[in-house]
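Raw my_file_1.cif, mmCIF, N, CA and C atoms:
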data_entry
#
loop_
_atom_site.group_PDB
_atom_site.id
_atom_site.type_symbol
_atom_site.label_atom_id
_atom_site.label_comp_id
_atom_site.auth_asym_id
_atom_site.auth_seq_id
_atom_site.Cartn_x
_atom_site.Cartn_y
_atom_site.Cartn_z
ATOM 1 N N MET A 1 35.743 45.123 65.375
ATOM 2 C CA MET A 1 36.950 45.665 65.995
ATOM 3 C C MET A 1 36.842 45.536 67.512
ATOM 4 N N THR A 2 37.959 45.451 68.148
ATOM 5 C CA THR A 2 38.042 45.312 69.593
ATOM 6 C C THR A 2 37.606 46.582 70.312
ATOM 7 N N ASN A 3 37.100 46.431 71.529
ATOM 8 C CA ASN A 3 36.733 47.586 72.352
ATOM 9 C C ASN A 3 37.890 48.046 73.220
ATOM 10 N N TRP A 4 39.006 47.385 73.156
ATOM 11 C CA TRP A 4 40.179 47.760 73.945
ATOM 12 C C TRP A 4 40.780 49.030 73.369
ATOM 13 N N LYS A 5 41.282 49.898 74.246
ATOM 14 C CA LYS A 5 41.918 51.151 73.829
ATOM 15 C C LYS A 5 43.315 51.222 74.447
ATOM 16 N N PRO A 6 44.318 51.637 73.681
ATOM 17 C CA PRO A 6 45.658 51.781 74.248
ATOM 18 C C PRO A 6 45.724 52.957 75.221
ATOM 19 N N THR A 7 46.628 52.882 76.181
ATOM 20 C CA THR A 7 46.814 53.947 77.165
ATOM 21 C C THR A 7 48.160 54.621 76.947
ATOM 22 N N GLY A 8 48.341 55.759 77.598
ATOM 23 C CA GLY A 8 49.636 56.444 77.570
ATOM 24 C C GLY A 8 50.139 56.686 76.174
ATOM 25 N N ASN A 9 51.406 56.306 75.954
ATOM 26 C CA ASN A 9 52.043 56.556 74.658
ATOM 27 C C ASN A 9 51.991 55.327 73.748
ATOM 28 N N LYS A 10 50.986 54.482 73.943
ATOM 29 C CA LYS A 10 50.866 53.254 73.144
ATOM 30 C C LYS A 10 49.946 53.487 71.944
ATOM 31 N N ILE A 11 50.172 52.692 70.906
ATOM 32 C CA ILE A 11 49.283 52.684 69.758
ATOM 33 C C ILE A 11 48.884 51.240 69.481
ATOM 34 N N MET A 12 47.735 51.057 68.820
ATOM 35 C CA MET A 12 47.253 49.721 68.478
ATOM 36 C C MET A 12 47.241 49.594 66.961
ATOM 37 N N VAL A 13 47.868 48.523 66.475
ATOM 38 C CA VAL A 13 47.996 48.286 65.044
ATOM 39 C C VAL A 13 47.319 46.967 64.703
ATOM 40 N N LEU A 14 46.402 46.988 63.735
ATOM 41 C CA LEU A 14 45.802 45.773 63.210
ATOM 42 C C LEU A 14 46.782 45.196 62.212
ATOM 43 N N MET A 15 47.339 44.029 62.544
ATOM 44 C CA MET A 15 48.377 43.447 61.721
ATOM 45 C C MET A 15 47.783 42.785 60.484
ATOM 46 N N ASP A 16 48.538 42.829 59.395
ATOM 47 C CA ASP A 16 48.128 42.122 58.187
ATOM 48 C C ASP A 16 48.073 40.633 58.496
ATOM 49 N N LYS A 17 47.205 39.934 57.826
ATOM 50 C CA LYS A 17 47.075 38.498 58.046
ATOM 51 C C LYS A 17 48.282 37.774 57.463
ATOM 52 N N THR A 18 48.748 36.731 58.183
ATOM 53 C CA THR A 18 49.854 35.916 57.687
ATOM 54 C C THR A 18 49.293 34.767 56.868
ATOM 55 N N GLU A 19 50.074 34.320 55.936
ATOM 56 C CA GLU A 19 49.662 33.231 55.067
ATOM 57 C C GLU A 19 49.671 31.906 55.821
ATOM 58 N N GLU A 20 48.664 31.093 55.597
ATOM 59 C CA GLU A 20 48.628 29.761 56.186
ATOM 60 C C GLU A 20 49.079 28.709 55.193
ATOM 61 N N VAL A 21 49.327 29.144 53.954
ATOM 62 C CA VAL A 21 49.838 28.256 52.914
ATOM 63 C C VAL A 21 51.046 28.945 52.297
ATOM 64 N N SER A 22 52.149 28.212 52.134
ATOM 65 C CA SER A 22 53.358 28.799 51.553
ATOM 66 C C SER A 22 53.141 29.087 50.076
ATOM 67 N N SER A 23 54.065 29.843 49.479
ATOM 68 C CA SER A 23 53.949 30.169 48.059
ATOM 69 C C SER A 23 54.011 28.916 47.187
ATOM 70 N N GLY A 24 54.595 27.832 47.720
ATOM 71 C CA GLY A 24 54.668 26.569 46.990
ATOM 72 C C GLY A 24 53.464 25.671 47.225
ATOM 73 N N GLY A 25 52.488 26.141 48.021
ATOM 74 C CA GLY A 25 51.282 25.369 48.249
ATOM 75 C C GLY A 25 51.317 24.478 49.478
ATOM 76 N N ILE A 26 52.356 24.598 50.301
ATOM 77 C CA ILE A 26 52.474 23.777 51.506
ATOM 78 C C ILE A 26 51.681 24.428 52.632
ATOM 79 N N ILE A 27 50.822 23.652 53.296
ATOM 80 C CA ILE A 27 50.054 24.164 54.438
ATOM 81 C C ILE A 27 50.986 24.276 55.633
ATOM 82 N N LEU A 28 51.062 25.462 56.229
ATOM 83 C CA LEU A 28 51.986 25.714 57.326
ATOM 84 C C LEU A 28 51.377 25.302 58.661
ATOM 85 N N HIS A 29 52.202 24.758 59.522
ATOM 86 C CA HIS A 29 51.788 24.325 60.850
ATOM 87 C C HIS A 29 51.469 25.542 61.708
ATOM 88 N N LYS A 30 50.542 25.416 62.673
ATOM 89 C CA LYS A 30 50.132 26.528 63.541
ATOM 90 C C LYS A 30 51.326 27.165 64.253
ATOM 91 N N THR A 31 52.316 26.361 64.680
ATOM 92 C CA THR A 31 53.503 26.910 65.351
ATOM 93 C C THR A 31 54.249 27.859 64.425
ATOM 94 N N THR A 32 54.367 27.490 63.163
ATOM 95 C CA THR A 32 55.055 28.336 62.178
ATOM 96 C C THR A 32 54.288 29.632 61.967
ATOM 97 N N THR A 33 52.960 29.552 61.817
ATOM 98 C CA THR A 33 52.192 30.774 61.582
ATOM 99 C C THR A 33 52.196 31.671 62.816
ATOM 100 N N SER A 34 52.215 31.107 64.037
ATOM 101 C CA SER A 34 52.292 31.927 65.259
ATOM 102 C C SER A 34 53.603 32.690 65.312
ATOM 103 N N ARG A 35 54.695 32.034 64.976
ATOM 104 C CA ARG A 35 56.005 32.687 64.959
ATOM 105 C C ARG A 35 56.011 33.800 63.913
ATOM 106 N N ASP A 36 55.440 33.509 62.743
ATOM 107 C CA ASP A 36 55.388 34.501 61.679
ATOM 108 C C ASP A 36 54.518 35.700 62.060
ATOM 109 N N GLU A 37 53.444 35.470 62.833
ATOM 110 C CA GLU A 37 52.592 36.570 63.276
ATOM 111 C C GLU A 37 53.361 37.527 64.173
ATOM 112 N N MET A 38 54.216 37.016 65.050
ATOM 113 C CA MET A 38 55.005 37.906 65.916
ATOM 114 C C MET A 38 56.102 38.614 65.127
ATOM 115 N N ALA A 39 56.554 38.020 64.023
ATOM 116 C CA ALA A 39 57.592 38.659 63.218
ATOM 117 C C ALA A 39 56.997 39.610 62.176
ATOM 118 N N GLN A 40 55.676 39.573 62.010
ATOM 119 C CA GLN A 40 55.001 40.428 61.034
ATOM 120 C C GLN A 40 55.255 41.890 61.371
ATOM 121 N N MET A 41 55.519 42.696 60.362
ATOM 122 C CA MET A 41 55.917 44.072 60.618
ATOM 123 C C MET A 41 55.020 45.114 59.952
ATOM 124 N N GLU A 42 53.930 44.716 59.288
ATOM 125 C CA GLU A 42 53.075 45.691 58.616
ATOM 126 C C GLU A 42 51.646 45.601 59.105
ATOM 127 N N GLY A 43 51.003 46.772 59.201
ATOM 128 C CA GLY A 43 49.612 46.806 59.618
ATOM 129 C C GLY A 43 49.040 48.206 59.505
ATOM 130 N N THR A 44 47.848 48.380 60.064
ATOM 131 C CA THR A 44 47.123 49.641 60.010
ATOM 132 C C THR A 44 46.847 50.126 61.426
ATOM 133 N N VAL A 45 47.168 51.388 61.697
ATOM 134 C CA VAL A 45 46.924 51.970 63.018
ATOM 135 C C VAL A 45 45.419 52.107 63.205
ATOM 136 N N VAL A 46 44.890 51.531 64.305
ATOM 137 C CA VAL A 46 43.449 51.588 64.561
ATOM 138 C C VAL A 46 43.104 52.412 65.795
ATOM 139 N N ALA A 47 44.073 52.654 66.687
ATOM 140 C CA ALA A 47 43.813 53.463 67.887
ATOM 141 C C ALA A 47 45.132 53.974 68.443
ATOM 142 N N MET A 48 45.053 55.109 69.153
ATOM 143 C CA MET A 48 46.241 55.701 69.758
ATOM 144 C C MET A 48 45.922 56.146 71.172
ATOM 145 N N GLY A 49 46.865 55.939 72.086
ATOM 146 C CA GLY A 49 46.714 56.419 73.443
ATOM 147 C C GLY A 49 46.783 57.938 73.484
ATOM 148 N N PRO A 50 46.297 58.560 74.560
ATOM 149 C CA PRO A 50 46.232 60.018 74.631
ATOM 150 C C PRO A 50 47.594 60.709 74.681
ATOM 151 N N LEU A 51 48.642 59.989 75.025
ATOM 152 C CA LEU A 51 49.975 60.597 75.107
ATOM 153 C C LEU A 51 50.891 60.224 73.946
ATOM 154 N N ALA A 52 50.360 59.512 72.964
ATOM 155 C CA ALA A 52 51.192 59.094 71.832
ATOM 156 C C ALA A 52 51.781 60.309 71.127
ATOM 157 N N TYR A 53 53.078 60.326 70.991
ATOM 158 C CA TYR A 53 53.868 61.367 70.317
ATOM 159 C C TYR A 53 53.831 62.728 71.001
ATOM 160 N N ASN A 54 53.301 62.838 72.219
ATOM 161 C CA ASN A 54 53.277 64.127 72.925
ATOM 162 C C ASN A 54 54.664 64.693 73.160
ATOM 163 N N ASP A 55 55.652 63.827 73.358
ATOM 164 C CA ASP A 55 57.008 64.302 73.632
ATOM 165 C C ASP A 55 57.823 64.499 72.356
ATOM 166 N N GLN A 56 57.214 64.389 71.194
ATOM 167 C CA GLN A 56 57.946 64.460 69.931
ATOM 168 C C GLN A 56 57.779 65.777 69.185
ATOM 169 N N GLY A 57 56.885 66.625 69.617
ATOM 170 C CA GLY A 57 56.692 67.905 68.933
ATOM 171 C C GLY A 57 55.643 67.848 67.840
ATOM 172 N N GLU A 58 55.566 66.736 67.137
ATOM 173 C CA GLU A 58 54.536 66.560 66.120
ATOM 174 C C GLU A 58 54.135 65.096 66.056
ATOM 175 N N THR A 59 52.930 64.854 65.607
ATOM 176 C CA THR A 59 52.442 63.490 65.442
ATOM 177 C C THR A 59 52.607 63.114 63.986
ATOM 178 N N TRP A 60 53.441 62.123 63.706
ATOM 179 C CA TRP A 60 53.660 61.738 62.316
ATOM 180 C C TRP A 60 52.905 60.472 61.945
ATOM 181 N N VAL A 61 52.168 59.903 62.911
ATOM 182 C CA VAL A 61 51.334 58.731 62.651
ATOM 183 C C VAL A 61 49.917 59.052 63.092
ATOM 184 N N HIS A 62 48.939 58.643 62.297
ATOM 185 C CA HIS A 62 47.536 58.901 62.612
ATOM 186 C C HIS A 62 46.729 57.620 62.424
ATOM 187 N N VAL A 63 45.583 57.560 63.073
ATOM 188 C CA VAL A 63 44.688 56.417 62.898
ATOM 189 C C VAL A 63 44.366 56.279 61.412
ATOM 190 N N GLY A 64 44.451 55.071 60.897
ATOM 191 C CA GLY A 64 44.207 54.799 59.481
ATOM 192 C C GLY A 64 45.470 54.665 58.665
ATOM 193 N N ASP A 65 46.615 55.141 59.180
ATOM 194 C CA ASP A 65 47.881 55.040 58.456
ATOM 195 C C ASP A 65 48.356 53.589 58.388
ATOM 196 N N ARG A 66 48.925 53.223 57.246
ATOM 197 C CA ARG A 66 49.610 51.942 57.093
ATOM 198 C C ARG A 66 51.041 52.141 57.578
ATOM 199 N N VAL A 67 51.524 51.245 58.433
ATOM 200 C CA VAL A 67 52.846 51.421 59.033
ATOM 201 C C VAL A 67 53.650 50.119 59.017
ATOM 202 N N LYS A 68 54.956 50.293 59.135
ATOM 203 C CA LYS A 68 55.879 49.197 59.435
ATOM 204 C C LYS A 68 56.356 49.433 60.857
ATOM 205 N N ILE A 69 56.449 48.343 61.622
ATOM 206 C CA ILE A 69 56.877 48.454 63.013
ATOM 207 C C ILE A 69 58.127 47.620 63.228
ATOM 208 N N GLN A 70 58.793 47.860 64.346
ATOM 209 C CA GLN A 70 59.970 47.070 64.669
ATOM 210 C C GLN A 70 59.573 45.615 64.856
ATOM 211 N N LYS A 71 60.398 44.725 64.334
ATOM 212 C CA LYS A 71 60.136 43.293 64.429
ATOM 213 C C LYS A 71 60.028 42.883 65.895
ATOM 214 N N PHE A 72 59.010 42.121 66.242
ATOM 215 C CA PHE A 72 58.741 41.593 67.579
ATOM 216 C C PHE A 72 58.394 42.675 68.600
ATOM 217 N N ALA A 73 58.096 43.902 68.172
ATOM 218 C CA ALA A 73 57.756 44.978 69.110
ATOM 219 C C ALA A 73 56.357 44.773 69.674
ATOM 220 N N GLY A 74 56.149 45.194 70.900
ATOM 221 C CA GLY A 74 54.827 45.245 71.485
ATOM 222 C C GLY A 74 54.271 43.915 71.958
ATOM 223 N N TRP A 75 52.968 43.950 72.198
ATOM 224 C CA TRP A 75 52.258 42.796 72.738
ATOM 225 C C TRP A 75 51.189 42.389 71.748
ATOM 226 N N LEU A 76 51.016 41.097 71.564
ATOM 227 C CA LEU A 76 49.997 40.582 70.668
ATOM 228 C C LEU A 76 48.661 40.524 71.398
ATOM 229 N N HIS A 77 47.626 41.068 70.776
ATOM 230 C CA HIS A 77 46.270 41.029 71.322
ATOM 231 C C HIS A 77 45.371 40.440 70.243
ATOM 232 N N GLU A 78 44.703 39.342 70.555
ATOM 233 C CA GLU A 78 43.830 38.692 69.586
ATOM 234 C C GLU A 78 42.377 38.977 69.926
ATOM 235 N N ASP A 79 41.586 39.239 68.890
ATOM 236 C CA ASP A 79 40.155 39.463 69.039
ATOM 237 C C ASP A 79 39.486 38.699 67.895
ATOM 238 N N GLY A 80 39.076 37.475 68.179
ATOM 239 C CA GLY A 80 38.524 36.626 67.126
ATOM 240 C C GLY A 80 39.603 36.313 66.103
ATOM 241 N N GLU A 81 39.333 36.603 64.857
ATOM 242 C CA GLU A 81 40.288 36.345 63.770
ATOM 243 C C GLU A 81 41.352 37.436 63.657
ATOM 244 N N ASP A 82 41.080 38.610 64.234
ATOM 245 C CA ASP A 82 41.991 39.744 64.095
ATOM 246 C C ASP A 82 43.126 39.673 65.113
ATOM 247 N N LYS A 83 44.315 40.076 64.672
ATOM 248 C CA LYS A 83 45.492 40.123 65.520
ATOM 249 C C LYS A 83 45.972 41.568 65.575
ATOM 250 N N TYR A 84 46.116 42.076 66.788
ATOM 251 C CA TYR A 84 46.576 43.450 67.006
ATOM 252 C C TYR A 84 47.913 43.415 67.714
ATOM 253 N N ARG A 85 48.716 44.467 67.515
ATOM 254 C CA ARG A 85 49.918 44.655 68.311
ATOM 255 C C ARG A 85 49.760 45.999 69.008
ATOM 256 N N VAL A 86 49.976 46.005 70.303
ATOM 257 C CA VAL A 86 49.961 47.235 71.094
ATOM 258 C C VAL A 86 51.416 47.537 71.394
ATOM 259 N N LEU A 87 51.876 48.719 70.975
ATOM 260 C CA LEU A 87 53.299 49.018 71.082
ATOM 261 C C LEU A 87 53.536 50.475 71.428
ATOM 262 N N HIS A 88 54.762 50.774 71.807
ATOM 263 C CA HIS A 88 55.155 52.156 72.081
ATOM 264 C C HIS A 88 55.127 52.950 70.783
ATOM 265 N N ASP A 89 54.775 54.204 70.868
ATOM 266 C CA ASP A 89 54.672 55.039 69.678
ATOM 267 C C ASP A 89 55.966 55.060 68.853
ATOM 268 N N LEU A 90 57.117 55.020 69.492
ATOM 269 C CA LEU A 90 58.382 55.097 68.761
ATOM 270 C C LEU A 90 58.809 53.770 68.131
ATOM 271 N N ASP A 91 58.015 52.705 68.317
ATOM 272 C CA ASP A 91 58.299 51.438 67.637
ATOM 273 C C ASP A 91 57.838 51.450 66.187
ATOM 274 N N VAL A 92 57.118 52.488 65.774
ATOM 275 C CA VAL A 92 56.758 52.643 64.353
ATOM 276 C C VAL A 92 57.999 53.154 63.642
ATOM 277 N N ILE A 93 58.426 52.431 62.607
ATOM 278 C CA ILE A 93 59.660 52.823 61.927
ATOM 279 C C ILE A 93 59.419 53.426 60.549
ATOM 280 N N MET A 94 58.175 53.256 60.009
ATOM 281 C CA MET A 94 57.906 53.783 58.689
ATOM 282 C C MET A 94 56.400 53.930 58.491
ATOM 283 N N VAL A 95 56.006 55.011 57.825
ATOM 284 C CA VAL A 95 54.609 55.226 57.457
ATOM 285 C C VAL A 95 54.519 55.165 55.949
ATOM 286 N N LEU A 96 53.578 54.374 55.435
ATOM 287 C CA LEU A 96 53.390 54.257 53.998
ATOM 288 C C LEU A 96 52.756 55.531 53.481
ATOM 289 N N SER A 97 53.352 56.131 52.488
ATOM 290 C CA SER A 97 52.840 57.364 51.906
ATOM 291 C C SER A 97 51.488 57.123 51.254
ATOM 292 N N LYS A 98 50.584 58.074 51.376
ATOM 293 C CA LYS A 98 49.257 57.963 50.789
ATOM 294 C C LYS A 98 49.234 58.473 49.360
ATOM 295 N N GLU A 99 50.340 58.917 48.858
ATOM 296 C CA GLU A 99 50.395 59.475 47.492
ATOM 297 C C GLU A 99 50.548 58.383 46.461
#

Rewrite the coordinates I just gave you, this time as structure tokens.
Amino acid sequence: MTNWKPTGNKIMVLMDKTEEVSSGGIILHKTTTSRDEMAQMEGTVVAMGPLAYNDQGETWVHVGDRVKIQKFAGWLHEDGEDKYRVLHDLDVIMVLSKE
């Protein structure tokens, strides 16, 4: 995992890996997979800035939660094979229930 930590009201999400082969078996070009990585909307929260959700009254997202985020939200941060998105806390649109 990366040693980078989000600041302020930002959170860091480890994005799910995108497929490099289509469902029909076609190998996708790097340009296509890069575009798909920015459009990817699901991942796992791995870190939160100290001010995340402070202005909301309650924290509804926690480290370890699986989340959906707004399409193209935040900044892409790569660390080896892993792709992270650093985004504003309110760019999380859904938390996957643990039940």

Test item: the PyMOL selection byres (((chain A and resi 53 and name CA) around 12) and name CA) resolved as a PyMOL selection string: chain A and resi 8-11+48-52+54-62+88-92

Output check: residues returned by the PyMOL selection byres (((chain A and resi 95 and name CA) around 8) and name CA), as a VMD selection string: chain A and resid 61 65 to 68 92 to 94 96 to 97

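Across the model, the gap from atom N of Lys5 of chain A to atom CA of Lys83 of chain A is 13.8 Å.
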
Answer key for the PyMOL selection byres (((chain A and resi 76 and name CA) around 8) and name CA), residues as a PyMOL selection string: chain A and resi 38+74-75+77-78+83-86

Can I get the selection written as a PDB file, in the coordinates of the input, with N, CA and C atoms?
ATOM      1  N   MET A  38      54.216  37.016  65.050  1.00  0.00           N
ATOM      2  CA  MET A  38      55.005  37.906  65.916  1.00  0.00           C
ATOM      3  C   MET A  38      56.102  38.614  65.127  1.00  0.00           C
ATOM      4  N   GLY A  74      56.149  45.194  70.900  1.00  0.00           N
ATOM      5  CA  GLY A  74      54.827  45.245  71.485  1.00  0.00           C
ATOM      6  C   GLY A  74      54.271  43.915  71.958  1.00  0.00           C
ATOM      7  N   TRP A  75      52.968  43.950  72.198  1.00  0.00           N
ATOM      8  CA  TRP A  75      52.258  42.796  72.738  1.00  0.00           C
ATOM      9  C   TRP A  75      51.189  42.389  71.748  1.00  0.00           C
ATOM     10  N   HIS A  77      47.626  41.068  70.776  1.00  0.00           N
ATOM     11  CA  HIS A  77      46.270  41.029  71.322  1.00  0.00           C
ATOM     12  C   HIS A  77      45.371  40.440  70.243  1.00  0.00           C
ATOM     13  N   GLU A  78      44.703  39.342  70.555  1.00  0.00           N
ATOM     14  CA  GLU A  78      43.830  38.692  69.586  1.00  0.00           C
ATOM     15  C   GLU A  78      42.377  38.977  69.926  1.00  0.00           C
ATOM     16  N   LYS A  83      44.315  40.076  64.672  1.00  0.00           N
ATOM     17  CA  LYS A  83      45.492  40.123  65.520  1.00  0.00           C
ATOM     18  C   LYS A  83      45.972  41.568  65.575  1.00  0.00           C
ATOM     19  N   TYR A  84      46.116  42.076  66.788  1.00  0.00           N
ATOM     20  CA  TYR A  84      46.576  43.450  67.006  1.00  0.00           C
ATOM     21  C   TYR A  84      47.913  43.415  67.714  1.00  0.00           C
ATOM     22  N   ARG A  85      48.716  44.467  67.515  1.00  0.00           N
ATOM     23  CA  ARG A  85      49.918  44.655  68.311  1.00  0.00           C
ATOM     24  C   ARG A  85      49.760  45.999  69.008  1.00  0.00           C
ATOM     25  N   VAL A  86      49.976  46.005  70.303  1.00  0.00           N
ATOM     26  CA  VAL A  86      49.961  47.235  71.094  1.00  0.00           C
ATOM     27  C   VAL A  86      51.416  47.537  71.394  1.00  0.00           C
TER      28      VAL A  86
END

Option closest in space to Asp79 of chain A, from A:Trp4, A:Glu42, A:Val63, A:Lys98 [counting only C-alpha atoms]: A:Trp4

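For the pair atom CA of Met12 of chain A and atom CA of Gly64 of chain A, the interatomic distance is 10.8 Å.
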